[in-house]
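K.L.:
One file is attached below, start.cif, containing mmCIF, C-alpha atoms.
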data_start
#
loop_
_atom_site.label_atom_id
_atom_site.label_comp_id
_atom_site.auth_asym_id
_atom_site.auth_seq_id
_atom_site.Cartn_x
_atom_site.Cartn_y
_atom_site.Cartn_z
CA MET O 1 5.18 -29.66 17.18
CA TRP O 2 1.61 -29.28 15.93
CA TRP O 3 0.44 -27.63 19.12
CA LEU O 4 3.19 -25.03 18.69
CA LEU O 5 1.91 -24.06 15.26
CA VAL O 6 -1.70 -23.98 16.53
CA THR O 7 -0.66 -21.76 19.44
CA VAL O 8 1.11 -19.31 17.12
CA CYS O 9 -1.95 -19.10 14.86
CA PHE O 10 -4.25 -18.61 17.88
CA ILE O 11 -2.12 -15.75 19.23
CA HIS O 12 -2.06 -14.12 15.80
CA MET O 13 -5.86 -14.34 15.42
CA SER O 14 -6.47 -13.23 19.01
CA GLY O 15 -4.39 -10.12 18.47
CA ASN O 16 -6.51 -9.19 15.46
CA ALA O 17 -9.71 -9.82 17.41
CA PHE O 18 -8.72 -7.41 20.19
CA CYS O 19 -8.45 -4.65 17.62
CA PHE O 20 -12.24 -4.68 17.30
CA LEU O 21 -12.81 -4.21 21.03
CA GLY O 22 -11.51 -0.67 21.12
CA LYS O 23 -9.35 1.86 19.38
CA ILE O 24 -5.65 1.27 19.89
CA ALA O 25 -3.25 4.20 19.73
CA GLU O 26 -1.15 3.93 16.60
CA ASN O 27 2.57 4.49 16.61
CA PRO O 28 3.18 7.30 14.08
CA GLU O 29 6.31 5.48 12.87
CA ALA O 30 4.41 2.28 12.07
CA SER O 31 3.83 3.20 8.44
CA MET O 32 7.07 5.14 7.88
CA ASN O 33 10.06 4.08 5.82
CA VAL O 34 13.63 4.57 7.01
CA SER O 35 14.00 8.08 5.58
CA GLN O 36 10.73 9.19 7.16
CA MET O 37 11.70 7.73 10.54
CA LEU O 38 15.01 9.58 10.47
CA SER O 39 13.30 12.83 9.48
CA PHE O 40 10.66 12.31 12.18
CA TRP O 41 13.39 12.49 14.82
CA GLY O 42 15.21 15.39 13.18
CA TYR O 43 18.09 13.54 11.51
CA PRO O 44 19.30 14.21 7.94
CA SER O 45 19.49 11.27 5.55
CA GLU O 46 19.94 10.15 1.98
CA VAL O 47 18.92 6.87 0.35
CA HIS O 48 21.21 5.28 -2.23
CA LYS O 49 20.87 2.21 -4.42
CA VAL O 50 23.64 -0.34 -4.76
CA ILE O 51 23.45 -2.78 -7.68
CA THR O 52 25.24 -6.06 -7.08
CA ALA O 53 27.08 -8.06 -9.72
CA ASP O 54 24.14 -10.49 -9.95
CA GLY O 55 21.54 -7.75 -10.44
CA TYR O 56 20.02 -7.19 -6.98
CA VAL O 57 19.23 -3.59 -6.08
CA LEU O 58 20.05 -2.87 -2.44
CA GLN O 59 19.03 0.26 -0.58
CA VAL O 60 21.50 1.83 1.80
CA TYR O 61 20.66 4.80 4.00
CA TRP O 62 23.18 7.50 4.89
CA VAL O 63 22.98 9.57 8.05
CA PRO O 64 25.77 12.13 7.51
CA HIS O 65 25.67 13.65 11.00
CA GLY O 66 23.68 14.01 14.18
CA LYS O 67 21.08 16.63 14.97
CA LYS O 68 23.40 19.19 16.53
CA ASP O 69 26.66 18.99 14.57
CA ALA O 70 25.74 19.86 10.99
CA ASN O 71 28.52 22.47 10.89
CA HIS O 72 31.23 20.02 11.84
CA LEU O 73 33.92 20.12 9.15
CA GLY O 74 36.23 17.35 8.03
CA GLN O 75 35.84 13.63 7.59
CA ARG O 76 34.01 11.59 10.17
CA PRO O 77 34.76 7.95 10.99
CA VAL O 78 32.50 5.77 8.86
CA VAL O 79 30.39 3.00 10.41
CA PHE O 80 28.32 0.49 8.43
CA LEU O 81 25.41 -1.20 10.28
CA GLN O 82 24.04 -4.47 8.83
CA HIS O 83 20.83 -5.99 10.23
CA GLY O 84 19.98 -9.57 11.12
CA LEU O 85 17.65 -12.29 9.84
CA LEU O 86 14.22 -11.05 8.73
CA GLY O 87 15.31 -7.53 9.64
CA SER O 88 16.00 -4.30 7.80
CA ALA O 89 17.75 -0.96 8.25
CA THR O 90 14.89 0.12 10.53
CA ASN O 91 16.25 -2.16 13.26
CA TRP O 92 18.96 0.37 14.07
CA ILE O 93 16.55 3.29 14.60
CA SER O 94 13.39 1.62 15.93
CA ASN O 95 13.79 2.86 19.49
CA LEU O 96 14.15 6.39 20.79
CA PRO O 97 17.21 8.44 19.78
CA ASN O 98 18.77 7.92 23.20
CA ASN O 99 18.74 4.13 22.87
CA SER O 100 18.96 3.36 19.13
CA LEU O 101 22.48 2.59 17.92
CA GLY O 102 22.01 4.39 14.60
CA PHE O 103 21.00 7.63 16.31
CA LEU O 104 23.63 7.32 19.04
CA LEU O 105 26.48 6.88 16.57
CA ALA O 106 25.32 9.83 14.45
CA ASP O 107 25.17 12.07 17.53
CA ALA O 108 28.61 10.81 18.60
CA GLY O 109 30.16 12.14 15.40
CA TYR O 110 30.11 9.12 13.12
CA ASP O 111 29.25 8.96 9.42
CA VAL O 112 26.48 6.33 9.65
CA TRP O 113 25.33 3.95 6.90
CA LEU O 114 22.40 1.53 7.33
CA GLY O 115 22.48 -1.45 4.99
CA ASN O 116 19.79 -3.77 3.65
CA SER O 117 20.13 -7.36 2.50
CA ARG O 118 18.70 -8.69 -0.74
CA GLY O 119 15.01 -9.48 -0.42
CA ASP O 120 14.25 -6.43 1.72
CA THR O 121 13.49 -4.14 -1.21
CA GLN O 122 12.54 -7.01 -3.55
CA GLU O 123 14.11 -5.11 -6.43
CA HIS O 124 16.18 -6.65 -9.22
CA VAL O 125 17.47 -5.51 -12.58
CA TYR O 126 15.64 -8.34 -14.38
CA TYR O 127 13.33 -10.23 -11.98
CA SER O 128 10.00 -9.13 -10.51
CA PRO O 129 9.07 -9.69 -6.83
CA ASP O 130 6.79 -12.56 -7.93
CA SER O 131 9.57 -14.34 -9.80
CA PRO O 132 10.95 -17.50 -8.12
CA GLU O 133 14.37 -16.56 -9.45
CA LEU O 134 14.40 -13.43 -7.29
CA TRP O 135 14.18 -15.56 -4.15
CA ALA O 136 16.71 -18.20 -5.20
CA PHE O 137 19.46 -17.00 -2.86
CA SER O 138 21.10 -17.78 0.45
CA PHE O 139 23.50 -15.96 2.73
CA ASP O 140 26.25 -17.23 0.40
CA GLU O 141 25.20 -14.61 -2.16
CA MET O 142 25.10 -11.95 0.55
CA VAL O 143 28.70 -12.90 1.37
CA GLU O 144 29.86 -12.90 -2.24
CA TYR O 145 27.91 -9.92 -3.60
CA ASP O 146 25.98 -7.82 -1.09
CA LEU O 147 28.58 -6.99 1.54
CA PRO O 148 31.47 -6.27 -0.86
CA SER O 149 29.26 -4.15 -3.15
CA THR O 150 27.82 -2.09 -0.31
CA THR O 151 31.16 -1.63 1.43
CA ASP O 152 32.86 -0.45 -1.77
CA PHE O 153 29.97 1.92 -2.50
CA ILE O 154 30.20 3.50 0.96
CA LEU O 155 33.96 3.96 0.76
CA ARG O 156 33.70 5.56 -2.68
CA ARG O 157 31.02 7.96 -1.49
CA THR O 158 32.92 8.96 1.66
CA GLY O 159 36.37 9.03 0.07
CA GLN O 160 37.79 6.92 2.89
CA GLU O 161 39.81 3.73 2.79
CA LYS O 162 38.38 1.87 5.76
CA LEU O 163 35.23 1.70 7.88
CA TYR O 164 33.86 0.18 11.06
CA TYR O 165 31.43 -2.70 10.54
CA VAL O 166 28.65 -3.57 12.99
CA GLY O 167 26.69 -6.71 12.22
CA HIS O 168 23.76 -8.22 14.10
CA SER O 169 22.96 -11.94 13.90
CA GLN O 170 22.79 -12.70 10.15
CA GLY O 171 24.91 -9.59 9.66
CA THR O 172 27.69 -11.39 11.54
CA THR O 173 27.31 -14.52 9.41
CA ILE O 174 27.74 -12.45 6.27
CA ALA O 175 30.78 -10.71 7.72
CA PHE O 176 32.51 -13.86 8.96
CA GLY O 177 32.07 -15.43 5.53
CA ALA O 178 33.09 -12.37 3.53
CA PHE O 179 36.09 -11.32 5.61
CA THR O 180 37.57 -14.83 5.68
CA THR O 181 37.14 -15.52 1.95
CA ASN O 182 37.84 -12.02 0.62
CA PRO O 183 41.13 -10.68 2.07
CA GLN O 184 40.86 -7.49 0.00
CA LEU O 185 37.50 -6.73 1.61
CA ALA O 186 38.80 -7.56 5.09
CA GLU O 187 41.57 -4.99 4.69
CA LYS O 188 38.90 -2.28 4.33
CA ILE O 189 37.44 -3.02 7.78
CA LYS O 190 38.92 -1.27 10.82
CA ILE O 191 37.01 -3.35 13.38
CA HIS O 192 34.18 -5.85 13.03
CA PHE O 193 31.71 -5.62 15.93
CA ALA O 194 29.70 -8.87 15.98
CA LEU O 195 26.43 -8.47 17.91
CA ALA O 196 24.61 -11.72 18.73
CA PRO O 197 26.93 -13.71 16.43
CA VAL O 198 25.37 -16.72 14.77
CA ASN O 199 26.59 -20.16 15.81
CA THR O 200 25.59 -23.77 15.26
CA ASP O 201 22.17 -24.96 16.48
CA ARG O 202 23.39 -28.52 17.00
CA TYR O 203 23.29 -28.32 20.79
CA ILE O 204 20.07 -26.33 21.20
CA THR O 205 17.76 -28.11 23.66
CA SER O 206 14.88 -25.62 23.88
CA ILE O 207 11.57 -25.97 22.04
CA VAL O 208 12.80 -23.53 19.40
CA ARG O 209 14.67 -26.40 17.75
CA SER O 210 11.36 -28.07 16.89
CA LEU O 211 10.79 -25.39 14.24
CA ALA O 212 13.39 -27.15 12.12
CA TYR O 213 11.09 -30.17 11.79
CA ILE O 214 8.02 -28.30 10.56
CA LYS O 215 7.42 -28.90 6.87
CA SER O 216 8.23 -25.95 4.63
CA THR O 217 4.75 -26.07 3.06
CA LEU O 218 3.22 -24.98 6.38
CA PHE O 219 5.46 -21.90 6.50
CA LYS O 220 4.42 -21.05 2.95
CA VAL O 221 0.70 -21.37 3.73
CA TYR O 222 0.98 -19.25 6.87
CA GLY O 223 3.38 -16.55 5.70
CA GLY O 224 3.14 -16.46 1.92
CA LEU O 225 5.26 -18.30 -0.62
CA TYR O 226 8.10 -15.95 -1.43
CA HIS O 227 8.49 -14.16 1.90
CA MET O 228 8.78 -17.46 3.75
CA LEU O 229 11.11 -18.79 1.06
CA SER O 230 13.37 -15.86 1.84
CA PHE O 231 13.08 -16.73 5.54
CA GLN O 232 14.30 -20.25 4.84
CA ASN O 233 16.94 -19.35 2.30
CA VAL O 234 18.90 -17.08 4.60
CA GLY O 235 19.93 -19.76 6.99
CA MET O 236 17.12 -21.08 9.19
#
Take the structure in the file and write it out as structure tokens.
P.N.:
Amino acid sequence: MWWLLVTVCFIHMSGNAFCFLGKIAENPEASMNVSQMLSFWGYPSEVHKVITADGYVLQVYWVPHGKKDANHLGQRPVVFLQHGLLGSATNWISNLPNNSLGFLLADAGYDVWLGNSRGDTQEHVYYSPDSPELWAFSFDEMVEYDLPSTTDFILRRTGQEKLYYVGHSQGTTIAFGAFTTNPQLAEKIKIHFALAPVNTDRYITSIVRSLAYIKSTLFKVYGGLYHMLSFQNVGM
């Protein structure tokens, strides 16, 4: 277990050391936010804020159409993409337009919305990012507040009654919980596409399972108190 942590730290430090050996070409998207990434590839977008019942401010990004069909009239089918653990809306547009799901759906004629979970924007009506109260959440709150609030916001904005939902990893956990405990919400979903659905880790035999036995204080020292708290609170 200890050698695993030492190895991770060594790889991290070695990567930084190689930066001094020569200039490395920088990806122009490395410092861009979601809106800038979409604009970089020629896609229109809007950013909206959704305030949950418990005060979290979530950012959701709207891609109304693809690059070549701006003049298309009428309603488009709405699709809501929700990222996985430690991810963000950028996960759906991180590759090239010909192999990023967000871009592909927009070009295929869909009304695309990219969601963010609480903790991504670290914004709250009352709490600051340094406040422990801001990070006192689990995926239970995402089930109860985040997914219903964002779904309702999208449907109001588009004027439609139902949408397609695509969740990845943690995004599937949120959906399974929300759609089974909130029948009214489930009725607003045409189809739920579960990508890499989360399951129990009881039968995992690989070395990855050893991470569960590392003390939480080590994660906090290595990654920072609140960011690693968020890592633990969302289901690891």
K.L.:
Identify, on the basis of all atoms listed in the file, every residue whose closest approach to segment 71-85 of chain O does not exceed 7 Å; exclude the query and any residue fewer than 2 positions from it along the same chain; express the result as a list in words.
P.N.:
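These residues fall inside the cut-off: Asp69, Gly87, Ser88, Ala89, Asn91, Gly109, Tyr110, Asp111, Val112, Trp113, Leu114, Gly115, Asn116, Leu163, Tyr164, Tyr165, Val166, Gly167, His168, Ser169, Gln170 and Gly171 of chain O.
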K.L.:
Can you translate the PyMOL selection byres ((chain O and resi 176) around 12) into the concrete residues it hits in this file, as an NGL selection string?
P.N.:
:O and (139-140 or 142-144 or 147 or 165-175 or 177-183 or 185-186 or 189 or 192-194 or 197-199)
K.L.:
Find the distance between atom CA of Lys162 of chain O and atom CA of Gly102 of chain O and write it in Å to one decimal.
P.N.:
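Going from atom CA of Lys162 of chain O over to atom CA of Gly102 of chain O covers 18.8 Å.
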K.L.:
With all atoms listed in the file as the counted atoms, please give the residues lying no more than 7 Å from segment 47-61 of chain O, apart from itself and same-chain residues fewer than 4 positions off, as number ranges by chain.
P.N.:
O: 113-118, 121, 123-125, 145-146, 149-150
K.L.:
Which one is closest to Trp62 of chain O: O:Asn33, O:Asn95, O:Thr158, O:Ser128? Count all atoms listed in the file.
P.N.:
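Nearest to Trp62 of chain O: O:Thr158.
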K.L.:
Could you put an axis-aligned box around every listed atom of segment 103-109 of chain O, padded by 5 Å on each side, and send me its centre and edge lengths in Å to one decimal, as JSON?
P.N.:
{"center_x": 25.6, "center_y": 9.5, "center_z": 16.7, "size_x": 19.2, "size_y": 15.3, "size_z": 14.6}
K.L.:
Kindly resolve the PyMOL selection byres ((chain O and resi 39) around 12) on the present coordinates and return the residues as a CSV table (one decimal) with C-alpha atoms, in the coordinates of the input.
P.N.:
chain,number,residue,atom,x,y,z
O,29,GLU,CA,6.3,5.5,12.9
O,32,MET,CA,7.1,5.1,7.9
O,33,ASN,CA,10.1,4.1,5.8
O,34,VAL,CA,13.6,4.6,7.0
O,35,SER,CA,14.0,8.1,5.6
O,36,GLN,CA,10.7,9.2,7.2
O,37,MET,CA,11.7,7.7,10.5
O,38,LEU,CA,15.0,9.6,10.5
O,40,PHE,CA,10.7,12.3,12.2
O,41,TRP,CA,13.4,12.5,14.8
O,42,GLY,CA,15.2,15.4,13.2
O,43,TYR,CA,18.1,13.5,11.5
O,44,PRO,CA,19.3,14.2,7.9
O,45,SER,CA,19.5,11.3,5.6
O,46,GLU,CA,19.9,10.2,2.0
O,63,VAL,CA,23.0,9.6,8.0
O,66,GLY,CA,23.7,14.0,14.2
O,67,LYS,CA,21.1,16.6,15.0
O,93,ILE,CA,16.6,3.3,14.6
O,97,PRO,CA,17.2,8.4,19.8
O,103,PHE,CA,21.0,7.6,16.3
K.L.:
What is the atom CA of Gln160 of chain O to atom CA of Glu187 of chain O distance in Å?
P.N.:
12.6 Å
K.L.:
Can you work out the spacing between atom CA of Leu155 of chain O and atom CA of Thr90 of chain O in Å, to one decimal?
P.N.:
21.8 Å
K.L.:
Considering all atoms listed in the file, state which residue in the set O:Glu141, O:Asp120, O:Asp107, O:Glu161 is at the smallest distance from Gln184 of chain O.
P.N.:
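Nearest candidate to Gln184 of chain O out of O:Glu141, O:Asp120, O:Asp107, O:Glu161: O:Glu161.
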